[in-house]
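**Q** One file: start_13.txt (compact mmCIF, C-alpha atoms (C1' of nucleotides)).
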```txt
# COMPACT_ATOMS: atom_id res chain seq x y z
CA MET J 504 20.55 11.32 5.10
CA LYS J 505 22.26 11.21 1.72
CA LEU J 506 20.71 8.88 -0.83
CA GLU J 507 23.91 6.81 -1.02
CA GLU J 508 23.72 6.07 2.70
CA ALA J 509 19.96 5.56 2.68
CA ILE J 510 20.00 2.80 0.09
CA LYS J 511 23.64 1.75 0.63
CA SER J 512 24.58 2.15 -2.99
CA ASN J 513 26.55 4.62 -5.03
CA LYS J 514 26.31 2.89 -8.35
CA PHE J 515 23.93 4.87 -10.55
CA ARG J 516 23.87 4.69 -14.35
CA ASN J 517 23.72 8.49 -14.53
CA ASN J 518 22.30 11.50 -12.71
CA ILE J 519 18.87 10.96 -14.20
CA HIS J 520 18.66 7.43 -12.89
CA LYS J 521 19.90 8.65 -9.52
CA ALA J 522 17.25 11.39 -9.58
CA THR J 523 14.45 8.86 -10.01
CA LEU J 524 15.62 6.95 -6.94
CA ASN J 525 16.10 10.23 -5.08
CA ILE J 526 12.52 11.31 -5.81
CA LEU J 527 11.12 7.96 -4.70
CA TYR J 528 13.16 8.08 -1.51
CA THR J 529 12.27 11.70 -0.76
CA ALA J 530 8.57 10.99 -1.30
CA TRP J 531 8.80 8.14 1.20
CA TRP J 532 10.65 10.43 3.63
CA LEU J 533 8.05 13.19 3.26
CA LYS J 534 5.15 10.81 3.82
CA ARG J 535 6.81 9.52 6.94
CA VAL J 536 7.44 13.00 8.36
CA MET J 537 3.77 13.83 7.86
CA ALA J 538 2.47 10.46 9.06
CA VAL J 539 4.16 10.97 12.44
CA GLU J 540 2.15 14.17 12.97
CA LEU J 541 -1.13 12.85 11.57
CA LYS J 542 -0.99 9.81 13.81
CA GLU J 543 -1.85 12.00 16.80
CA TYR J 544 -5.15 12.72 15.10
CA GLY J 545 -5.70 9.08 14.13
CA LEU J 546 -5.45 10.02 10.47
CA THR J 547 -3.49 8.48 7.63
CA HIS J 548 -1.91 10.62 4.95
CA GLU J 549 -4.60 9.59 2.44
CA GLN J 550 -7.50 10.28 4.82
CA PHE J 551 -6.00 13.71 5.43
CA ASN J 552 -5.78 14.29 1.69
CA VAL J 553 -9.48 13.45 1.23
CA LEU J 554 -10.52 15.73 4.10
CA ARG J 555 -8.46 18.56 2.64
CA ILE J 556 -10.10 18.14 -0.75
CA LEU J 557 -13.54 18.28 0.89
CA LYS J 558 -12.54 21.41 2.80
CA GLY J 559 -11.47 23.12 -0.42
CA LYS J 560 -15.08 23.00 -1.63
CA HIS J 561 -16.95 23.17 1.68
CA PRO J 562 -19.85 23.69 2.27
CA GLU J 563 -20.48 22.46 -1.27
CA GLN J 564 -20.89 18.69 -1.35
CA ILE J 565 -18.62 16.91 -3.78
CA CYS J 566 -18.94 13.43 -5.22
CA VAL J 567 -16.58 10.47 -4.96
CA GLY J 568 -15.33 10.81 -8.52
CA GLU J 569 -14.41 14.43 -8.09
CA ILE J 570 -12.45 13.58 -4.95
CA ALA J 571 -10.65 10.83 -6.89
CA SER J 572 -9.71 13.27 -9.65
CA ARG J 573 -8.03 15.55 -7.10
CA MET J 574 -6.04 12.89 -5.25
CA ILE J 575 -2.25 13.05 -5.50
CA GLU J 576 -2.07 9.29 -6.09
CA LYS J 577 -4.55 8.72 -8.87
CA SER J 578 -5.11 5.04 -8.20
CA SER J 579 -6.32 5.61 -4.65
CA ASN J 580 -9.49 3.68 -3.91
CA VAL J 581 -11.60 6.59 -2.67
CA PRO J 582 -14.75 4.67 -1.59
CA ARG J 583 -12.63 2.65 0.82
CA ILE J 584 -10.97 5.73 2.30
CA ILE J 585 -14.43 7.28 2.73
CA ASP J 586 -15.55 4.09 4.54
CA ARG J 587 -12.97 4.75 7.26
CA LEU J 588 -13.72 8.46 7.52
CA GLU J 589 -17.41 7.62 7.81
CA THR J 590 -16.77 5.06 10.57
CA LYS J 591 -14.95 7.82 12.47
CA LYS J 592 -17.90 10.15 11.77
CA LEU J 593 -15.69 12.73 10.04
CA VAL J 594 -17.78 12.64 6.85
CA LYS J 595 -21.25 11.55 5.79
CA ARG J 596 -22.42 9.92 2.55
CA VAL J 597 -25.49 11.39 0.86
CA THR J 598 -27.01 10.01 -2.33
CA SER J 599 -27.36 12.78 -4.88
CA ASP J 600 -30.95 13.74 -5.71
CA ALA J 601 -30.06 14.89 -9.20
CA ASP J 602 -28.24 11.66 -10.08
CA LYS J 603 -28.81 8.67 -7.84
CA ARG J 604 -25.61 6.99 -9.04
CA GLU J 605 -23.58 9.71 -7.37
CA THR J 606 -22.63 9.67 -3.70
CA ARG J 607 -21.92 13.11 -2.34
CA ILE J 608 -19.66 13.48 0.65
CA VAL J 609 -20.22 16.00 3.43
CA LEU J 610 -17.75 17.03 6.11
CA THR J 611 -19.17 16.78 9.63
CA GLN J 612 -18.30 19.34 12.32
CA ALA J 613 -15.93 16.76 13.82
CA GLY J 614 -14.29 16.46 10.41
CA ILE J 615 -13.89 20.22 10.12
CA ASN J 616 -12.35 20.40 13.59
CA ILE J 617 -9.86 17.59 13.14
CA LEU J 618 -8.86 18.96 9.75
CA GLN J 619 -8.22 22.41 11.14
CA HIS J 620 -5.95 21.15 13.90
CA SER J 621 -4.11 18.62 11.77
CA THR J 622 -3.57 21.14 8.97
CA GLU J 623 -1.93 23.57 11.40
CA ARG J 624 0.34 20.77 12.53
CA ILE J 625 1.24 19.70 8.99
CA ASN J 626 1.97 23.29 7.97
CA LYS J 627 4.22 23.68 10.99
CA VAL J 628 6.15 20.48 10.30
CA ILE J 629 6.68 21.40 6.66
CA ASP J 630 7.92 24.85 7.62
CA SER J 631 10.35 23.41 10.16
CA SER J 632 11.51 20.25 8.37
CA ILE J 633 11.90 21.29 4.78
CA ASN J 634 15.04 23.31 4.58
CA ILE J 635 15.23 24.95 1.21
CA SER J 636 14.72 28.49 0.03
CA GLU J 637 11.61 29.59 -1.86
CA LYS J 638 13.88 30.11 -4.85
CA LYS J 639 15.22 26.55 -4.78
CA ALA J 640 11.71 25.21 -4.25
CA ASP J 641 10.71 27.06 -7.37
CA SER J 642 13.48 25.56 -9.48
CA LEU J 643 12.68 22.14 -7.99
CA ASN J 644 9.08 22.59 -9.16
CA GLN J 645 10.25 23.60 -12.62
CA ILE J 646 12.55 20.60 -12.99
CA LEU J 647 9.86 18.18 -11.81
CA GLU J 648 7.34 19.62 -14.29
CA GLU J 649 9.87 19.33 -17.09
CA MET J 650 10.70 15.78 -16.09
CA ARG J 651 7.11 14.59 -16.46
CA ARG J 652 6.61 16.34 -19.77
CA THR J 653 6.32 13.21 -21.93
CA GLU J 654 3.33 11.76 -20.11
CA ARG J 655 3.69 8.78 -22.50
CA MET R 350 0.72 17.04 -16.86
CA LYS R 351 1.25 20.14 -14.73
CA LEU R 352 0.69 19.66 -11.02
CA GLU R 353 -2.16 22.17 -11.02
CA GLU R 354 -4.06 20.13 -13.59
CA ALA R 355 -3.18 16.81 -11.99
CA ILE R 356 -4.65 17.66 -8.61
CA LYS R 357 -7.03 20.38 -9.85
CA SER R 358 -5.72 22.99 -7.46
CA ASN R 359 -3.55 26.05 -7.71
CA LYS R 360 -3.79 27.17 -4.13
CA PHE R 361 -0.44 26.47 -2.47
CA ARG R 362 0.79 28.21 0.67
CA ASN R 363 4.19 28.75 -0.95
CA ASN R 364 6.65 27.11 -3.32
CA ILE R 365 7.93 24.77 -0.64
CA HIS R 366 4.47 23.44 0.07
CA LYS R 367 3.90 23.07 -3.65
CA ALA R 368 7.22 21.24 -3.97
CA THR R 369 6.18 18.63 -1.39
CA LEU R 370 3.01 17.88 -3.37
CA ASN R 371 5.01 17.91 -6.59
CA ILE R 372 7.47 15.33 -5.24
CA LEU R 373 4.66 13.07 -4.02
CA TYR R 374 2.90 13.31 -7.37
CA THR R 375 6.08 12.76 -9.39
CA ALA R 376 6.97 9.71 -7.29
CA TRP R 377 3.53 8.26 -7.99
CA TRP R 378 3.97 9.06 -11.70
CA LEU R 379 7.42 7.42 -11.81
CA LYS R 380 6.17 4.27 -10.07
CA ARG R 381 3.35 4.02 -12.54
CA VAL R 382 5.61 4.43 -15.59
CA MET R 383 7.81 1.62 -14.27
CA ALA R 384 4.92 -0.60 -13.16
CA VAL R 385 3.54 -0.66 -16.70
CA GLU R 386 6.81 -2.15 -17.96
CA LEU R 387 7.32 -4.52 -15.04
CA LYS R 388 3.86 -5.95 -15.42
CA GLU R 389 4.94 -7.76 -18.56
CA TYR R 390 7.35 -9.71 -16.38
CA GLY R 391 4.75 -10.28 -13.65
CA LEU R 392 6.81 -8.17 -11.26
CA THR R 393 5.83 -5.35 -8.94
CA HIS R 394 8.10 -2.38 -8.38
CA GLU R 395 9.06 -3.67 -4.93
CA GLN R 396 9.79 -7.20 -6.13
CA PHE R 397 12.01 -5.68 -8.81
CA ASN R 398 13.80 -3.61 -6.18
CA VAL R 399 14.52 -6.73 -4.07
CA LEU R 400 15.80 -8.64 -7.10
CA ARG R 401 18.07 -5.73 -8.02
CA ILE R 402 19.50 -5.61 -4.52
CA LEU R 403 20.23 -9.35 -4.68
CA LYS R 404 21.88 -8.91 -8.07
CA GLY R 405 24.16 -6.21 -6.69
CA LYS R 406 25.76 -8.76 -4.37
CA HIS R 407 25.35 -11.92 -6.45
CA PRO R 408 26.61 -14.65 -6.13
CA GLU R 409 27.05 -13.68 -2.48
CA GLN R 410 23.96 -14.57 -0.45
CA ILE R 411 22.53 -11.71 1.56
CA CYS R 412 20.14 -11.85 4.50
CA VAL R 413 16.65 -10.40 4.87
CA GLY R 414 17.79 -7.56 7.12
CA GLU R 415 20.44 -6.42 4.70
CA ILE R 416 17.90 -6.33 1.89
CA ALA R 417 15.59 -4.27 4.11
CA SER R 418 18.36 -1.76 4.83
CA ARG R 419 18.84 -1.17 1.09
CA MET R 420 15.17 -0.74 0.18
CA ILE R 421 14.07 2.68 -1.05
CA GLU R 422 10.97 2.56 1.16
CA LYS R 423 12.36 1.65 4.54
CA SER R 424 9.16 0.25 5.98
CA SER R 425 8.78 -2.38 3.29
CA ASN R 426 7.96 -5.76 4.74
CA VAL R 427 10.74 -7.75 3.12
CA PRO R 428 9.76 -11.29 4.28
CA ARG R 429 6.42 -10.85 2.55
CA ILE R 430 7.98 -9.69 -0.71
CA ILE R 431 10.37 -12.65 -0.55
CA ASP R 432 7.33 -14.96 -0.08
CA ARG R 433 6.04 -13.91 -3.49
CA LEU R 434 9.41 -14.13 -5.21
CA GLU R 435 9.86 -17.60 -3.72
CA THR R 436 6.43 -18.73 -4.95
CA LYS R 437 7.49 -17.64 -8.43
CA LYS R 438 10.79 -19.52 -7.94
CA LEU R 439 12.87 -16.40 -8.58
CA VAL R 440 14.69 -16.70 -5.24
CA LYS R 441 15.35 -19.39 -2.62
CA ARG R 442 15.51 -19.08 1.16
CA VAL R 443 18.50 -20.71 2.90
CA THR R 444 18.99 -20.73 6.65
CA SER R 445 22.43 -19.38 7.49
CA ASP R 446 24.86 -21.93 8.97
CA ALA R 447 26.78 -19.31 10.90
CA ASP R 448 23.68 -17.83 12.55
CA LYS R 449 20.49 -19.85 12.38
CA ARG R 450 18.34 -16.77 13.02
CA GLU R 451 19.34 -15.42 9.65
CA THR R 452 17.64 -16.35 6.38
CA ARG R 453 19.86 -15.85 3.39
CA ILE R 454 18.30 -15.25 0.01
CA VAL R 455 19.67 -16.67 -3.23
CA LEU R 456 18.74 -15.66 -6.77
CA THR R 457 17.74 -18.62 -8.95
CA GLN R 458 18.67 -18.77 -12.63
CA ALA R 459 15.08 -17.81 -13.44
CA GLY R 460 15.48 -14.81 -11.14
CA ILE R 461 18.69 -13.76 -12.87
CA ASN R 462 17.06 -14.05 -16.30
CA ILE R 463 13.92 -12.10 -15.47
CA LEU R 464 15.97 -9.42 -13.76
CA GLN R 465 18.23 -9.00 -16.76
CA HIS R 466 15.35 -8.54 -19.17
CA SER R 467 13.28 -6.32 -16.89
CA THR R 468 16.29 -4.14 -16.08
CA GLU R 469 16.93 -3.50 -19.77
CA ARG R 470 13.30 -2.51 -20.15
CA ILE R 471 13.35 -0.20 -17.12
CA ASN R 472 16.56 1.46 -18.28
CA LYS R 473 15.03 2.03 -21.67
CA VAL R 474 11.83 3.54 -20.27
CA ILE R 475 13.75 5.87 -17.99
CA ASP R 476 15.94 7.02 -20.87
CA SER R 477 12.94 7.69 -23.07
CA SER R 478 10.44 9.05 -20.53
CA ILE R 479 12.51 11.28 -18.29
CA ASN R 480 13.21 14.39 -20.23
CA ILE R 481 15.77 16.43 -18.37
CA SER R 482 19.44 17.08 -18.95
CA GLU R 483 22.17 15.48 -16.85
CA LYS R 484 22.90 18.94 -15.51
CA LYS R 485 19.33 19.52 -14.34
CA ALA R 486 19.20 16.02 -12.87
CA ASP R 487 22.30 16.94 -10.90
CA SER R 488 20.75 20.11 -9.47
CA LEU R 489 17.55 18.18 -8.74
CA ASN R 490 19.62 15.70 -6.74
CA GLN R 491 21.32 18.51 -4.86
CA ILE R 492 18.06 20.23 -3.95
CA LEU R 493 16.48 16.95 -2.77
CA GLU R 494 19.50 16.20 -0.57
CA GLU R 495 19.38 19.68 0.91
CA MET R 496 15.67 19.37 1.49
CA ARG R 497 16.03 16.27 3.64
CA ARG R 498 18.88 17.68 5.67
CA THR R 499 17.05 18.02 9.00
CA GLU R 500 16.17 14.37 9.35
CA ARG R 501 14.32 15.45 12.51
C1' DT Q 1343 26.77 -21.53 33.05
C1' DA Q 1344 21.87 -20.29 33.63
C1' DA Q 1345 18.88 -16.52 33.01
C1' DA Q 1346 18.06 -12.12 30.85
C1' DA Q 1347 18.55 -9.19 27.01
C1' DT Q 1348 19.12 -8.72 22.27
C1' DT Q 1349 18.65 -9.88 17.51
C1' DA Q 1350 16.61 -11.88 13.02
C1' DA Q 1351 12.85 -13.23 10.78
C1' DA Q 1352 8.13 -14.33 10.50
C1' DT Q 1353 3.38 -13.33 11.42
C1' DG Q 1354 -1.02 -10.66 12.62
C1' DT Q 1355 -3.83 -6.67 11.63
C1' DA Q 1356 -5.43 -2.35 9.78
C1' DC Q 1357 -5.00 0.52 6.03
C1' DA Q 1358 -3.85 1.57 1.18
C1' DT Q 1359 -2.97 0.51 -3.85
C1' DA Q 1360 -3.91 -1.54 -8.30
C1' DC Q 1361 -6.92 -3.44 -11.06
C1' DA Q 1362 -10.94 -6.34 -12.31
C1' DT Q 1363 -15.74 -7.03 -11.85
C1' DA Q 1364 -20.51 -6.09 -10.16
C1' DT Q 1365 -24.58 -3.17 -9.43
C1' DA Q 1366 -27.48 0.62 -10.02
C1' DT Q 1367 -28.69 4.48 -12.63
C1' DT Q 1368 -28.67 7.48 -16.49
C1' DT Q 1369 -28.02 8.53 -21.32
C1' DG Q 1370 -28.07 7.62 -26.16
C1' DT Q 1371 -30.22 5.55 -29.99
C1' DA Q 1372 -32.77 2.34 -33.01
C1' DT L 364 -40.06 3.85 -25.63
C1' DA L 365 -37.27 -0.26 -25.06
C1' DC L 366 -32.75 -1.64 -25.11
C1' DA L 367 -27.81 -0.99 -25.44
C1' DA L 368 -24.03 1.75 -23.94
C1' DA L 369 -22.03 4.60 -20.71
C1' DT L 370 -21.34 6.28 -16.07
C1' DA L 371 -20.79 6.36 -10.77
C1' DT L 372 -19.81 3.85 -7.09
C1' DA L 373 -18.99 -0.22 -4.60
C1' DT L 374 -16.78 -4.62 -3.96
C1' DG L 375 -13.38 -8.61 -4.58
C1' DT L 376 -8.60 -9.99 -4.59
C1' DA L 377 -3.65 -9.77 -4.66
C1' DT L 378 0.00 -6.98 -3.23
C1' DG L 379 2.31 -3.68 -0.32
C1' DT L 380 2.91 -0.55 4.00
C1' DA L 381 3.18 0.39 8.87
C1' DC L 382 3.62 -1.26 13.08
C1' DA L 383 3.02 -4.57 16.92
C1' DT L 384 3.76 -9.17 18.52
C1' DT L 385 5.72 -13.86 18.34
C1' DT L 386 9.28 -17.34 17.85
C1' DA L 387 13.80 -18.97 17.63
C1' DA L 388 18.59 -18.28 18.14
C1' DT L 389 22.48 -15.78 19.89
C1' DT L 390 24.88 -12.76 23.05
C1' DT L 391 25.46 -10.61 27.41
C1' DT L 392 25.92 -10.71 32.17
C1' DA L 393 25.07 -11.90 36.94
```
Would you kindly transcribe this structure into structure tokens?

**A**
Amino acid sequence: MKLEEAIKSNKFRNNIHKATLNILYTAWWLKRVMAVELKEYGLTHEQFNVLRILKGKHPEQICVGEIASRMIEKSSNVPRIIDRLETKKLVKRVTSDADKRETRIVLTQAGINILQHSTERINKVIDSSINISEKKADSLNQILEEMRRTER
Amino acid sequence: MKLEEAIKSNKFRNNIHKATLNILYTAWWLKRVMAVELKEYGLTHEQFNVLRILKGKHPEQICVGEIASRMIEKSSNVPRIIDRLETKKLVKRVTSDADKRETRIVLTQAGINILQHSTERINKVIDSSINISEKKADSLNQILEEMRRTER
DNA sequence: TAAAATTAAATGTACATACATATATTTGTA
DNA sequence: TACAAATATATGTATGTACATTTAATTTTA
């Protein structure tokens, strides 16, 4: 759906202002597309993100802070997301021997299995739902990087 | 910050997959830039969005459902956001005479004032923080629209 | 027109975000 | 080495999301 229809407005100060709304709307749309698939595995988007980060380092154990530093949304409350993954027995918490302040997180076999299946599903839905060429995706990436360049 | 640094990963299946992560990260970044400014007015991003929608129609009263249909994030729980705006006396709830199921929302003078000041601030921060040309913003908009074209 | 279906908004619940504070441990330094 | 500062994680609280259910009012239809 076009942005104008989606938010029932076509009054934008300029293309840059419109682009900010368009990014926010597209992010919401993307999350929703993925959430539909993840729901079959009883996972939220954020839980999936944490599992994927763990997989990237597996079988190395990584600590809560390192997971946090790799999250897409930096203000995610990682301990709370781990709580839910632990309840579902997809991860385990282990206190680090080297530094007892650190909690290291380990994927269980159940966690590895669910991640493998859900990742296949997410890859499939991205391939089928996102309809742009590699070339356009590349220029999209370039524009987004340029856009954030201030960092304030 | 480049996406690779932000999420400490440079392993992407392809540019399209990278673009989805880039959009999610940029949306989070945009929300955060705006939230910093809105905080001075005691407003959240979503409360600001509701006020702006009301302003667009002011002095016409619009109902909860119509606000919901104009929200950027479609699953926002509008009655709850209105609760907080009402507590702060920025809006008032009025039961519609024509249809008593409907609740119509009215901006108070305090709501109009806070919206005016916060909008100026948000416009300023977008102008100063988003560093792309009008032309690039236009192609960004086009790519995002194309990207969402399936709608599943 | 009375009952059923639909609609609008509010409410309940689980999960997540945003940010402040608490607790335990480690590190730096007087 | 004792104590202060820093660090890692957990927890508290307000807000928001996602979705199901409830309540009240309106519309449809038998």

**Q** Got a sec: who's within 10 Å of Lys505 of chain J, counting only C-alpha atoms (C1' of nucleotides), leaving out chain neighbours fewer than 5 positions off, as number ranges by chain?

**A** J: 510-511, 525; R: 490-491, 493-495, 497-498

**Q** I'd like the interatomic distance between atom CA of Ile646 of chain J and atom CA of Ile421 of chain R, to a tenth of an Å.

**A**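 If I compute the distance from atom CA of Ile646 of chain J to atom CA of Ile421 of chain R, I get 21.6 Å.
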
**Q** At a cut-off of 12 Å, using only C-alpha atoms (C1' of nucleotides), what residues contact DA383 of chain L? Leave out same-chain residues fewer than 4 positions from it and give the result as a PyMOL selection string.

**A** chain Q and resi 1353-1356

**Q** Take the residues that were just selected and, keeping C-alpha atoms (C1' of nucleotides), output them as a short mmCIF file (atom, residue, chain, number, x, y, z; two decimals), keeping the file's coordinate frame.

**A**
```
data_model
loop_
_atom_site.label_atom_id
_atom_site.label_comp_id
_atom_site.auth_asym_id
_atom_site.auth_seq_id
_atom_site.Cartn_x
_atom_site.Cartn_y
_atom_site.Cartn_z
"C1'" DT Q 1353 3.38 -13.33 11.42
"C1'" DG Q 1354 -1.02 -10.66 12.62
"C1'" DT Q 1355 -3.83 -6.67 11.63
"C1'" DA Q 1356 -5.43 -2.35 9.78
#
```

**Q** Show me, as a PyMOL selection string, every residue of chain Q with an atom at most 10 Å from chain J, counting only C-alpha atoms (C1' of nucleotides).

**A** chain Q and resi 1357-1361+1366-1368

**Q** Mind doing a quick least-squares superposition of chain R onto chain J, all C-alpha atoms paired one-to-one in order, and writing it out as a short mmCIF file (atom, residue, chain, number, x, y, z; two decimals) with C-alpha atoms, in the frame of the given file?

**A**
```cif
data_model
loop_
_atom_site.label_atom_id
_atom_site.label_comp_id
_atom_site.auth_asym_id
_atom_site.auth_seq_id
_atom_site.Cartn_x
_atom_site.Cartn_y
_atom_site.Cartn_z
CA MET R 350 20.51 11.31 5.11
CA LYS R 351 22.24 11.23 1.73
CA LEU R 352 20.70 8.89 -0.81
CA GLU R 353 23.87 6.81 -0.99
CA GLU R 354 23.69 6.09 2.73
CA ALA R 355 19.94 5.57 2.72
CA ILE R 356 19.98 2.81 0.13
CA LYS R 357 23.62 1.77 0.68
CA SER R 358 24.56 2.16 -2.95
CA ASN R 359 26.54 4.62 -4.99
CA LYS R 360 26.31 2.87 -8.31
CA PHE R 361 23.93 4.86 -10.51
CA ARG R 362 23.89 4.68 -14.30
CA ASN R 363 23.74 8.48 -14.49
CA ASN R 364 22.30 11.49 -12.69
CA ILE R 365 18.86 10.95 -14.18
CA HIS R 366 18.68 7.42 -12.87
CA LYS R 367 19.89 8.65 -9.51
CA ALA R 368 17.25 11.39 -9.57
CA THR R 369 14.44 8.86 -10.02
CA LEU R 370 15.61 6.95 -6.93
CA ASN R 371 16.08 10.23 -5.09
CA ILE R 372 12.50 11.31 -5.82
CA LEU R 373 11.10 7.95 -4.71
CA TYR R 374 13.12 8.08 -1.51
CA THR R 375 12.25 11.71 -0.77
CA ALA R 376 8.55 11.00 -1.32
CA TRP R 377 8.75 8.14 1.17
CA TRP R 378 10.61 10.42 3.61
CA LEU R 379 8.02 13.21 3.24
CA LYS R 380 5.11 10.81 3.80
CA ARG R 381 6.77 9.52 6.91
CA VAL R 382 7.42 13.00 8.35
CA MET R 383 3.74 13.83 7.84
CA ALA R 384 2.44 10.46 9.05
CA VAL R 385 4.14 10.96 12.41
CA GLU R 386 2.15 14.16 12.95
CA LEU R 387 -1.12 12.84 11.56
CA LYS R 388 -1.01 9.81 13.79
CA GLU R 389 -1.83 11.97 16.79
CA TYR R 390 -5.14 12.71 15.10
CA GLY R 391 -5.70 9.07 14.12
CA LEU R 392 -5.45 10.02 10.46
CA THR R 393 -3.49 8.50 7.60
CA HIS R 394 -1.92 10.65 4.92
CA GLU R 395 -4.61 9.62 2.42
CA GLN R 396 -7.49 10.29 4.81
CA PHE R 397 -6.00 13.72 5.43
CA ASN R 398 -5.78 14.33 1.69
CA VAL R 399 -9.48 13.46 1.23
CA LEU R 400 -10.51 15.72 4.11
CA ARG R 401 -8.46 18.57 2.64
CA ILE R 402 -10.11 18.15 -0.74
CA LEU R 403 -13.54 18.28 0.91
CA LYS R 404 -12.53 21.40 2.83
CA GLY R 405 -11.49 23.12 -0.39
CA LYS R 406 -15.09 23.00 -1.61
CA HIS R 407 -16.94 23.16 1.71
CA PRO R 408 -19.85 23.68 2.31
CA GLU R 409 -20.47 22.46 -1.24
CA GLN R 410 -20.88 18.68 -1.33
CA ILE R 411 -18.62 16.92 -3.79
CA CYS R 412 -18.95 13.42 -5.22
CA VAL R 413 -16.60 10.45 -4.95
CA GLY R 414 -15.35 10.79 -8.52
CA GLU R 415 -14.43 14.42 -8.08
CA ILE R 416 -12.46 13.58 -4.96
CA ALA R 417 -10.65 10.84 -6.89
CA SER R 418 -9.71 13.27 -9.66
CA ARG R 419 -8.04 15.57 -7.12
CA MET R 420 -6.05 12.90 -5.27
CA ILE R 421 -2.26 13.07 -5.52
CA GLU R 422 -2.07 9.31 -6.12
CA LYS R 423 -4.55 8.75 -8.89
CA SER R 424 -5.15 5.08 -8.23
CA SER R 425 -6.33 5.64 -4.68
CA ASN R 426 -9.48 3.72 -3.93
CA VAL R 427 -11.61 6.59 -2.69
CA PRO R 428 -14.74 4.64 -1.57
CA ARG R 429 -12.56 2.65 0.81
CA ILE R 430 -10.94 5.74 2.30
CA ILE R 431 -14.40 7.28 2.73
CA ASP R 432 -15.50 4.07 4.55
CA ARG R 433 -12.92 4.75 7.24
CA LEU R 434 -13.68 8.45 7.51
CA GLU R 435 -17.38 7.60 7.81
CA THR R 436 -16.71 5.05 10.57
CA LYS R 437 -14.89 7.80 12.46
CA LYS R 438 -17.86 10.13 11.78
CA LEU R 439 -15.66 12.71 10.05
CA VAL R 440 -17.75 12.64 6.86
CA LYS R 441 -21.25 11.54 5.81
CA ARG R 442 -22.39 9.91 2.57
CA VAL R 443 -25.47 11.41 0.88
CA THR R 444 -27.00 10.03 -2.29
CA SER R 445 -27.34 12.81 -4.85
CA ASP R 446 -30.93 13.81 -5.69
CA ALA R 447 -30.03 14.95 -9.18
CA ASP R 448 -28.25 11.70 -10.09
CA LYS R 449 -28.81 8.72 -7.85
CA ARG R 450 -25.62 7.03 -9.05
CA GLU R 451 -23.60 9.71 -7.36
CA THR R 452 -22.64 9.67 -3.68
CA ARG R 453 -21.92 13.10 -2.32
CA ILE R 454 -19.64 13.46 0.66
CA VAL R 455 -20.20 15.98 3.45
CA LEU R 456 -17.73 17.03 6.14
CA THR R 457 -19.16 16.76 9.66
CA GLN R 458 -18.31 19.30 12.34
CA ALA R 459 -15.92 16.74 13.83
CA GLY R 460 -14.29 16.44 10.41
CA ILE R 461 -13.89 20.20 10.14
CA ASN R 462 -12.34 20.39 13.61
CA ILE R 463 -9.85 17.58 13.15
CA LEU R 464 -8.86 18.94 9.76
CA GLN R 465 -8.22 22.40 11.15
CA HIS R 466 -5.95 21.14 13.90
CA SER R 467 -4.11 18.60 11.76
CA THR R 468 -3.58 21.14 8.98
CA GLU R 469 -1.93 23.56 11.41
CA ARG R 470 0.34 20.76 12.54
CA ILE R 471 1.24 19.71 9.00
CA ASN R 472 1.96 23.29 7.98
CA LYS R 473 4.20 23.68 10.97
CA VAL R 474 6.13 20.48 10.28
CA ILE R 475 6.66 21.40 6.65
CA ASP R 476 7.91 24.85 7.62
CA SER R 477 10.33 23.42 10.15
CA SER R 478 11.48 20.25 8.36
CA ILE R 479 11.88 21.30 4.76
CA ASN R 480 15.02 23.31 4.58
CA ILE R 481 15.22 24.95 1.19
CA SER R 482 14.70 28.50 0.02
CA GLU R 483 11.61 29.60 -1.88
CA LYS R 484 13.86 30.12 -4.87
CA LYS R 485 15.20 26.57 -4.80
CA ALA R 486 11.70 25.21 -4.26
CA ASP R 487 10.70 27.09 -7.39
CA SER R 488 13.48 25.55 -9.49
CA LEU R 489 12.67 22.14 -8.01
CA ASN R 490 9.08 22.59 -9.17
CA GLN R 491 10.24 23.59 -12.63
CA ILE R 492 12.55 20.60 -13.01
CA LEU R 493 9.85 18.16 -11.82
CA GLU R 494 7.35 19.60 -14.31
CA GLU R 495 9.88 19.32 -17.12
CA MET R 496 10.71 15.79 -16.10
CA ARG R 497 7.13 14.60 -16.47
CA ARG R 498 6.62 16.30 -19.80
CA THR R 499 6.37 13.18 -21.97
CA GLU R 500 3.40 11.69 -20.19
CA ARG R 501 3.86 8.74 -22.58
#
```

**Q** As an exercise, work out the distance from atom CA of Ala522 of chain J to atom CA of Ile454 of chain R in Å and give it to one decimal place.

**A**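 Between atom CA of Ala522 of chain J and atom CA of Ile454 of chain R the gap is 28.3 Å.
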
**Q** Hey, could you make a per-residue contact list for chain L against chain J with 8 Å as the cut-off, showing the nearest pair of atoms and its distance in Å to one decimal, counting all atoms listed in the file, sorted by chain and number, as JSON lines?

**A**
```
{"residue": "L:DA371", "atom": "C1'", "partner": "J:Arg604", "partner_atom": "CA", "distance": 5.2}
{"residue": "L:DT372", "atom": "C1'", "partner": "J:Arg604", "partner_atom": "CA", "distance": 6.9}
{"residue": "L:DA373", "atom": "C1'", "partner": "J:Pro582", "partner_atom": "CA", "distance": 7.1}
```

**Q** Using only C-alpha atoms, select each residue of chain R with any atom at most 8 Å away from an atom of chain J, and give the selection as a VMD selection string.

**A** chain R and resid 350 to 352 355 to 358 363 to 379 418 to 422 475 478 to 487 489 to 490 492 to 501
